[in-house]
Amino acid sequence: MSTGTAKEQLFRLPDLGEGLTEAEIIGWTVSVGDTVEIDQVVVEVETAKAAVEVPVPFAGTVLHLHGKAGDSVDVGAPLISVGPSADAGAAAAEQYREEEQGGSGNVLIGYGTGHAGTPRRRRRIRHSSPTGSQQAAPAPTQSDSAPPDAAVRLRDSGTQGAPRVLSPLVRKLARDHGIDIAQVTPSGPSAVILRKDIEQSIARSGPPAVPAGSADNSARQETTPGALQADGVERIPLRGLRRAIAEKLTRSRTEIPDATTWVDADATNLLRVKKVLQAAAPDQPLGLLALLARICVSGLQRFPELNSSVDTAQNEIVRYSAVHLGFAAQTPRGLMVPVVRDAHRMTTAQLGAELARLTALARTGSLPPEVLTGGTFTLNNYGVFGVDGSTPIINHPEAAILGIGRIVDKPWVLQGELAVRKVTQLSFTFDHRVCDGGVAGGFLRYVADCVEHPETLIVDL
C-alpha cells in the first residue's frame, strides 16, 4: 500500500492477514537518509500472532519514519516515506529535519519525527570513495545518546563491505545482555548475526556489568518500560503478543464453561517405545511429543465431539473432520501455540518432523502468522517445566486441551505387585457445551490406555 507525489512515496502498513487490524513497531532497520531497495525489509512489527518483517515495495531514500518502537500502527496508516533518489532524498530529508526540529537539524533516528521527545542522534561515519567523494555509511557502534532501538548495521571486511543486518529481536537480546555486536562472529548467510550467535556470546561472557552511576545506566532506567517507580511499583505495558495472550485467555475464561478431569498413567512402556523408535530411526525427531500427538489424533477420531468449537452467534456446535493439532510452545516472546495442519493425515514420523520444524521457528521468532491460527485441539506438555499437574485454559475457540505432566518414578501396583514405574498425570479440560463427562472421560481414559499400552495404537494406523 503506497501513495505519494513524484517527489515522495508513502508506504502504509499493509494488511498482514488473519483479520489483524494493527501492529506494534518493534524496531526499524533503516533511518532517515538511508537508501533502500525494492523489497528490502525496513521495519519489524509485532502483531497479535507473530513478529513480522515488513519490506518496502519501492526504492529510494528514506525521508520519514512514521512511528517509533513501541508505537501501535493501524493497517493502512502511514509507515515510511521514501524519495525517488539519493540526492532528492537527502534534500527532502534535510527539509524534514529543519521543519520538525525547528531548524536544528537533529533527527530522531529510528523514531517518527512527528512524535514529541528529546532529540537524540546516532553518529554516522563517512568513508571516502575511490573518486574522492564522500559516502555515508552507518557506524559500527552507537553513541551513548543513541536510542536503544536504533537500527544497527555493521560493515564486515570479510564480505567486502556487505552489511550485517540484525533482526531487532536479536539486537535487543544483545543490548539487554551487554553484548558488543561488533565482537560477535556471524554464522548466518551473508555474514548475518543470528540469535544463536548472541546466545553463544552471552554464555561465554556471563552477566553484563554496567557501572551503577554511568550515564548510560541512568538513561536506561529512565526510558525502559516497566522500570521501578519511586513508590516501588513496576508497571509493565500489555503489548503485542503478551496483550494477545491476555485477551484470548480472558475470553476463554469468560465464554467457555470448562471442566477438568485428570488421571495418572504408567508411561514406562511409552518411554520404552520412544527409545526403540529413536534407535531405529536416529535421523528422525521421534520424541515423546510426537507420540503424544499421535495418541491425541487417534483419540479425536474416536471422540469427534471434542474436535469442535461453539459458534455463539449462530448458537451451533461446529464439528471438524480435519484435526489441526496445536501444541503449546514456550518461547522468549511468550507462550505460542503453533498448529500442525491436517495432523490426522500424517504418520508418526511426519508428525515428529513437523513438530520439530515449528518448534524451531517458534524459538527464533520466525513463525508466520497463519501457523498460529486455525487449531481444533491443543496439546500442552507442561511437564517440561517440572510440574506434575495443571488445569490448562482452553485455547479459544477450541473445545478441549490435553495437558501432560512430568514423568517421574513412583510406586505403582503392576499385576498385583508393587513396582517402581514411570508415572505421569494427564489432565483434560473441555468445553461442557460440546459434550458431557462421559465423552470427556472416555477420551481421557483412551489416552491413558495408549500411554500405558502404546501397542494399541496399531489398531488405528
# chains A, B, ... in the order shown; residues from 1 in each chain; ligands from 1
$ residues_around --residues "Ala400 in chain A" --least-positions-apart "3" --cutoff "9 Å" --atoms "only C-alpha atoms" --output "NGL selection string"
:A and (258 or 306-309 or 376-378 or 393-395 or 428-431)
$ write_last_selection --atoms "all heavy atoms" --output "compact mmCIF listing (two decimals), in the first residue's frame"
# COMPACT_ATOMS: atom_id res chain seq x y z
N ASP A 258 -15.90 -24.40 31.22
CA ASP A 258 -14.99 -25.54 31.13
C ASP A 258 -15.03 -26.40 32.39
O ASP A 258 -15.47 -25.97 33.45
CB ASP A 258 -13.56 -25.07 30.87
CG ASP A 258 -13.05 -24.15 31.97
OD1 ASP A 258 -13.84 -23.77 32.85
OD2 ASP A 258 -11.85 -23.80 31.95
N LEU A 306 -15.07 -33.75 20.48
CA LEU A 306 -14.09 -32.86 21.08
C LEU A 306 -13.29 -32.07 20.06
O LEU A 306 -12.61 -31.12 20.42
CB LEU A 306 -13.13 -33.68 21.96
CG LEU A 306 -13.82 -34.39 23.14
CD1 LEU A 306 -12.88 -35.41 23.77
CD2 LEU A 306 -14.29 -33.37 24.17
N ASN A 307 -13.38 -32.45 18.80
CA ASN A 307 -12.68 -31.72 17.73
C ASN A 307 -13.66 -30.71 17.15
O ASN A 307 -14.10 -30.84 16.00
CB ASN A 307 -12.18 -32.70 16.67
CG ASN A 307 -11.17 -32.07 15.72
OD1 ASN A 307 -10.23 -31.44 16.17
ND2 ASN A 307 -11.37 -32.25 14.43
N SER A 308 -13.99 -29.70 17.93
CA SER A 308 -15.08 -28.81 17.55
C SER A 308 -14.92 -27.45 18.21
O SER A 308 -13.97 -27.21 18.96
CB SER A 308 -16.43 -29.42 17.96
OG SER A 308 -16.48 -29.59 19.36
N SER A 309 -15.86 -26.57 17.94
CA SER A 309 -15.94 -25.26 18.59
C SER A 309 -17.41 -24.87 18.65
O SER A 309 -18.27 -25.51 18.03
CB SER A 309 -15.13 -24.21 17.84
OG SER A 309 -15.65 -24.02 16.53
N THR A 376 -7.81 -26.91 16.05
CA THR A 376 -9.06 -27.51 16.51
C THR A 376 -8.91 -28.23 17.84
O THR A 376 -9.90 -28.60 18.46
CB THR A 376 -9.60 -28.51 15.46
OG1 THR A 376 -8.64 -29.56 15.27
CG2 THR A 376 -9.86 -27.81 14.13
N PHE A 377 -7.68 -28.42 18.30
CA PHE A 377 -7.40 -29.09 19.57
C PHE A 377 -5.96 -28.77 19.95
O PHE A 377 -5.11 -28.63 19.07
CB PHE A 377 -7.57 -30.61 19.41
CG PHE A 377 -7.42 -31.39 20.70
CD1 PHE A 377 -8.53 -31.65 21.49
CD2 PHE A 377 -6.18 -31.87 21.11
CE1 PHE A 377 -8.40 -32.38 22.68
CE2 PHE A 377 -6.04 -32.58 22.28
CZ PHE A 377 -7.15 -32.84 23.07
N THR A 378 -5.68 -28.66 21.26
CA THR A 378 -4.34 -28.28 21.70
C THR A 378 -3.77 -29.31 22.67
O THR A 378 -4.47 -29.82 23.55
CB THR A 378 -4.36 -26.89 22.37
OG1 THR A 378 -4.72 -25.91 21.41
CG2 THR A 378 -2.98 -26.53 22.93
N ILE A 393 -6.03 -23.75 30.50
CA ILE A 393 -7.11 -22.95 29.92
C ILE A 393 -7.26 -23.32 28.45
O ILE A 393 -6.27 -23.41 27.71
CB ILE A 393 -6.82 -21.45 30.07
CG1 ILE A 393 -6.71 -21.09 31.56
CG2 ILE A 393 -7.92 -20.62 29.42
CD1 ILE A 393 -6.36 -19.64 31.81
N ILE A 394 -8.49 -23.53 28.02
CA ILE A 394 -8.75 -23.90 26.63
C ILE A 394 -8.32 -22.78 25.70
O ILE A 394 -8.54 -21.59 25.97
CB ILE A 394 -10.25 -24.21 26.43
CG1 ILE A 394 -10.63 -25.45 27.26
CG2 ILE A 394 -10.57 -24.44 24.96
CD1 ILE A 394 -12.11 -25.75 27.26
N ASN A 395 -7.70 -23.15 24.60
CA ASN A 395 -7.27 -22.18 23.59
C ASN A 395 -8.47 -21.78 22.74
O ASN A 395 -8.84 -22.47 21.80
CB ASN A 395 -6.17 -22.81 22.72
CG ASN A 395 -5.55 -21.83 21.76
OD1 ASN A 395 -5.57 -20.62 22.00
ND2 ASN A 395 -5.00 -22.32 20.67
N PHE A 428 -7.30 -33.09 31.50
CA PHE A 428 -8.08 -32.81 30.30
C PHE A 428 -9.16 -31.79 30.63
O PHE A 428 -10.03 -32.02 31.48
CB PHE A 428 -8.72 -34.10 29.79
CG PHE A 428 -9.48 -33.92 28.51
CD1 PHE A 428 -8.85 -33.48 27.35
CD2 PHE A 428 -10.84 -34.21 28.45
CE1 PHE A 428 -9.55 -33.32 26.17
CE2 PHE A 428 -11.55 -34.05 27.27
CZ PHE A 428 -10.90 -33.61 26.13
N THR A 429 -9.07 -30.61 30.00
CA THR A 429 -10.06 -29.55 30.18
C THR A 429 -10.91 -29.47 28.92
O THR A 429 -10.37 -29.42 27.80
CB THR A 429 -9.38 -28.20 30.45
OG1 THR A 429 -8.58 -28.30 31.63
CG2 THR A 429 -10.40 -27.10 30.63
N PHE A 430 -12.23 -29.45 29.08
CA PHE A 430 -13.12 -29.48 27.92
C PHE A 430 -14.27 -28.49 28.09
O PHE A 430 -14.62 -28.10 29.21
CB PHE A 430 -13.67 -30.90 27.70
CG PHE A 430 -14.53 -31.41 28.83
CD1 PHE A 430 -15.92 -31.36 28.76
CD2 PHE A 430 -13.96 -31.95 29.98
CE1 PHE A 430 -16.72 -31.82 29.80
CE2 PHE A 430 -14.74 -32.42 31.02
CZ PHE A 430 -16.12 -32.36 30.93
N ASP A 431 -14.84 -28.09 26.98
CA ASP A 431 -16.00 -27.20 26.93
C ASP A 431 -17.24 -28.05 27.20
O ASP A 431 -17.60 -28.90 26.38
CB ASP A 431 -16.06 -26.52 25.56
CG ASP A 431 -17.15 -25.46 25.48
OD1 ASP A 431 -18.09 -25.51 26.29
OD2 ASP A 431 -17.07 -24.60 24.58
$ residues_around --residues "Glu8 in chain A" --least-positions-apart "4" --cutoff "7 Å" --atoms "only C-alpha atoms" --output "JSON, numbers by chain"
{"A": [4, 81, 82, 83, 84]}
$ select_by_dssp --residues "range 334-367 of chain A" --states "alpha helix (DSSP H)" --output "JSON, numbers by chain"
{"A": [348, 349, 350, 351, 352, 353, 354, 355, 356, 357, 358, 359, 360, 361, 362, 363]}
$ write_last_selection --atoms "all heavy atoms" --output "JSON list (two decimals), in the first residue's frame"
[["chain", "number", "residue", "atom", "x", "y", "z"],
["A", 348, "THR", "N", 3.41, -40.99, 12.26],
["A", 348, "THR", "CA", 4.08, -40.55, 13.49],
["A", 348, "THR", "C", 5.39, -39.84, 13.16],
["A", 348, "THR", "O", 5.73, -38.82, 13.78],
["A", 348, "THR", "CB", 4.34, -41.74, 14.41],
["A", 348, "THR", "OG1", 3.11, -42.42, 14.67],
["A", 348, "THR", "CG2", 4.95, -41.28, 15.73],
["A", 349, "ALA", "N", 6.12, -40.35, 12.17],
["A", 349, "ALA", "CA", 7.38, -39.72, 11.77],
["A", 349, "ALA", "C", 7.12, -38.33, 11.19],
["A", 349, "ALA", "O", 7.87, -37.38, 11.46],
["A", 349, "ALA", "CB", 8.10, -40.59, 10.75],
["A", 350, "GLN", "N", 6.07, -38.19, 10.39],
["A", 350, "GLN", "CA", 5.75, -36.88, 9.81],
["A", 350, "GLN", "C", 5.31, -35.90, 10.90],
["A", 350, "GLN", "O", 5.66, -34.72, 10.84],
["A", 350, "GLN", "CB", 4.65, -37.05, 8.76],
["A", 350, "GLN", "CG", 5.11, -37.76, 7.50],
["A", 350, "GLN", "CD", 3.96, -38.09, 6.57],
["A", 350, "GLN", "OE1", 2.82, -38.25, 6.99],
["A", 350, "GLN", "NE2", 4.26, -38.19, 5.27],
["A", 351, "LEU", "N", 4.56, -36.39, 11.87],
["A", 351, "LEU", "CA", 4.18, -35.53, 12.99],
["A", 351, "LEU", "C", 5.41, -35.03, 13.74],
["A", 351, "LEU", "O", 5.52, -33.85, 14.07],
["A", 351, "LEU", "CB", 3.27, -36.29, 13.96],
["A", 351, "LEU", "CG", 1.78, -36.38, 13.62],
["A", 351, "LEU", "CD1", 1.08, -37.33, 14.57],
["A", 351, "LEU", "CD2", 1.14, -35.00, 13.67],
["A", 352, "GLY", "N", 6.36, -35.95, 13.98],
["A", 352, "GLY", "CA", 7.58, -35.57, 14.69],
["A", 352, "GLY", "C", 8.38, -34.53, 13.94],
["A", 352, "GLY", "O", 8.89, -33.57, 14.53],
["A", 353, "ALA", "N", 8.46, -34.68, 12.62],
["A", 353, "ALA", "CA", 9.22, -33.73, 11.81],
["A", 353, "ALA", "C", 8.56, -32.35, 11.82],
["A", 353, "ALA", "O", 9.23, -31.32, 11.92],
["A", 353, "ALA", "CB", 9.35, -34.25, 10.38],
["A", 354, "GLU", "N", 7.24, -32.33, 11.72],
["A", 354, "GLU", "CA", 6.54, -31.04, 11.69],
["A", 354, "GLU", "C", 6.58, -30.36, 13.06],
["A", 354, "GLU", "O", 6.73, -29.14, 13.15],
["A", 354, "GLU", "CB", 5.09, -31.25, 11.24],
["A", 354, "GLU", "CG", 4.28, -29.98, 11.07],
["A", 354, "GLU", "CD", 4.78, -29.08, 9.94],
["A", 354, "GLU", "OE1", 5.78, -29.44, 9.29],
["A", 354, "GLU", "OE2", 4.15, -28.04, 9.71],
["A", 355, "LEU", "N", 6.47, -31.12, 14.11],
["A", 355, "LEU", "CA", 6.58, -30.55, 15.45],
["A", 355, "LEU", "C", 7.96, -29.95, 15.68],
["A", 355, "LEU", "O", 8.10, -28.85, 16.24],
["A", 355, "LEU", "CB", 6.31, -31.63, 16.50],
["A", 355, "LEU", "CG", 4.86, -32.11, 16.63],
["A", 355, "LEU", "CD1", 4.79, -33.38, 17.47],
["A", 355, "LEU", "CD2", 3.98, -31.02, 17.25],
["A", 356, "ALA", "N", 8.99, -30.65, 15.21],
["A", 356, "ALA", "CA", 10.36, -30.14, 15.37],
["A", 356, "ALA", "C", 10.57, -28.87, 14.55],
["A", 356, "ALA", "O", 11.20, -27.92, 15.00],
["A", 356, "ALA", "CB", 11.36, -31.21, 14.94],
["A", 357, "ARG", "N", 10.02, -28.85, 13.34],
["A", 357, "ARG", "CA", 10.18, -27.67, 12.47],
["A", 357, "ARG", "C", 9.49, -26.45, 13.08],
["A", 357, "ARG", "O", 10.08, -25.35, 13.15],
["A", 357, "ARG", "CB", 9.58, -27.96, 11.09],
["A", 357, "ARG", "CG", 9.79, -26.84, 10.07],
["A", 357, "ARG", "CD", 9.09, -27.16, 8.76],
["A", 357, "ARG", "NE", 7.65, -27.05, 8.87],
["A", 357, "ARG", "CZ", 6.99, -25.90, 8.69],
["A", 357, "ARG", "NH1", 7.64, -24.78, 8.41],
["A", 357, "ARG", "NH2", 5.67, -25.86, 8.80],
["A", 358, "LEU", "N", 8.26, -26.60, 13.53],
["A", 358, "LEU", "CA", 7.52, -25.47, 14.09],
["A", 358, "LEU", "C", 8.11, -25.02, 15.41],
["A", 358, "LEU", "O", 8.12, -23.82, 15.72],
["A", 358, "LEU", "CB", 6.05, -25.86, 14.26],
["A", 358, "LEU", "CG", 5.27, -26.12, 12.97],
["A", 358, "LEU", "CD1", 3.85, -26.57, 13.28],
["A", 358, "LEU", "CD2", 5.26, -24.88, 12.08],
["A", 359, "THR", "N", 8.62, -25.95, 16.20],
["A", 359, "THR", "CA", 9.26, -25.57, 17.47],
["A", 359, "THR", "C", 10.49, -24.72, 17.23],
["A", 359, "THR", "O", 10.73, -23.72, 17.92],
["A", 359, "THR", "CB", 9.64, -26.83, 18.27],
["A", 359, "THR", "OG1", 8.46, -27.58, 18.58],
["A", 359, "THR", "CG2", 10.34, -26.45, 19.57],
["A", 360, "ALA", "N", 11.29, -25.10, 16.23],
["A", 360, "ALA", "CA", 12.49, -24.32, 15.90],
["A", 360, "ALA", "C", 12.12, -22.92, 15.43],
["A", 360, "ALA", "O", 12.76, -21.92, 15.82],
["A", 360, "ALA", "CB", 13.30, -25.05, 14.83],
["A", 361, "LEU", "N", 11.08, -22.79, 14.62],
["A", 361, "LEU", "CA", 10.64, -21.47, 14.16],
["A", 361, "LEU", "C", 10.11, -20.64, 15.32],
["A", 361, "LEU", "O", 10.36, -19.43, 15.38],
["A", 361, "LEU", "CB", 9.55, -21.63, 13.09],
["A", 361, "LEU", "CG", 9.97, -22.20, 11.74],
["A", 361, "LEU", "CD1", 8.76, -22.39, 10.83],
["A", 361, "LEU", "CD2", 10.99, -21.28, 11.06],
["A", 362, "ALA", "N", 9.40, -21.28, 16.24],
["A", 362, "ALA", "CA", 8.85, -20.55, 17.39],
["A", 362, "ALA", "C", 9.96, -19.97, 18.25],
["A", 362, "ALA", "O", 9.88, -18.84, 18.72],
["A", 362, "ALA", "CB", 7.95, -21.48, 18.21],
["A", 363, "ARG", "N", 11.02, -20.74, 18.46],
["A", 363, "ARG", "CA", 12.11, -20.29, 19.34],
["A", 363, "ARG", "C", 12.91, -19.15, 18.73],
["A", 363, "ARG", "O", 13.53, -18.37, 19.46],
["A", 363, "ARG", "CB", 13.01, -21.47, 19.66],
["A", 363, "ARG", "CG", 12.36, -22.48, 20.61],
["A", 363, "ARG", "CD", 13.19, -23.72, 20.79],
["A", 363, "ARG", "NE", 12.58, -24.64, 21.76],
["A", 363, "ARG", "CZ", 12.98, -25.89, 21.97],
["A", 363, "ARG", "NH1", 14.02, -26.36, 21.27],
["A", 363, "ARG", "NH2", 12.37, -26.65, 22.85]]
$ residues_around --residues "Thr261 in chain A" --least-positions-apart "3" --cutoff "10 Å" --atoms "only C-alpha atoms" --output "list in words"
Thr391, Leu402, Leu426, Ser427, Phe428, Thr429, Phe430, Gly437, Ala440, Gly441 and Leu444 of chain A
$ residues_around --residues "Val62 in chain A" --least-positions-apart "2" --cutoff "8 Å" --atoms "only C-alpha atoms" --output "PyMOL selection string"
chain A and resi 30-36+60+64-65+80-83+89+93
$ atom_distance --atom1 "CA of Gly76 in chain A" --atom2 "CA of Gln40 in chain A"
19.1 Å
$ closest_residue --among "A:Val52, A:Ala265, A:Val273, A:Leu10" --to "Ile25 in chain A" --atoms "only C-alpha atoms"
A:Val52
$ atom_distance --atom1 "CA of Ile458 in chain A" --atom2 "CA of Leu270 in chain A"
13.4 Å
$ closest_residue --among "A:Asp264, A:Glu44, A:Asp15, A:Asp197" --to "Asp71 in chain A" --atoms "only C-alpha atoms"
A:Glu44
$ residues_around --residues "range 405-417 of chain A" --least-positions-apart "5" --cutoff "6 Å" --atoms "only C-alpha atoms" --output "list in words"
Tyr382, Gly383, Gly386, Val387, Asp388, Gly389, Lys422, Val423, Thr424 and Gln425 of chain A
$ closest_residue --among "A:Asn269, A:Thr373, A:Asn315, A:Thr364" --to "Glu452 in chain A" --atoms "only C-alpha atoms"
A:Asn269
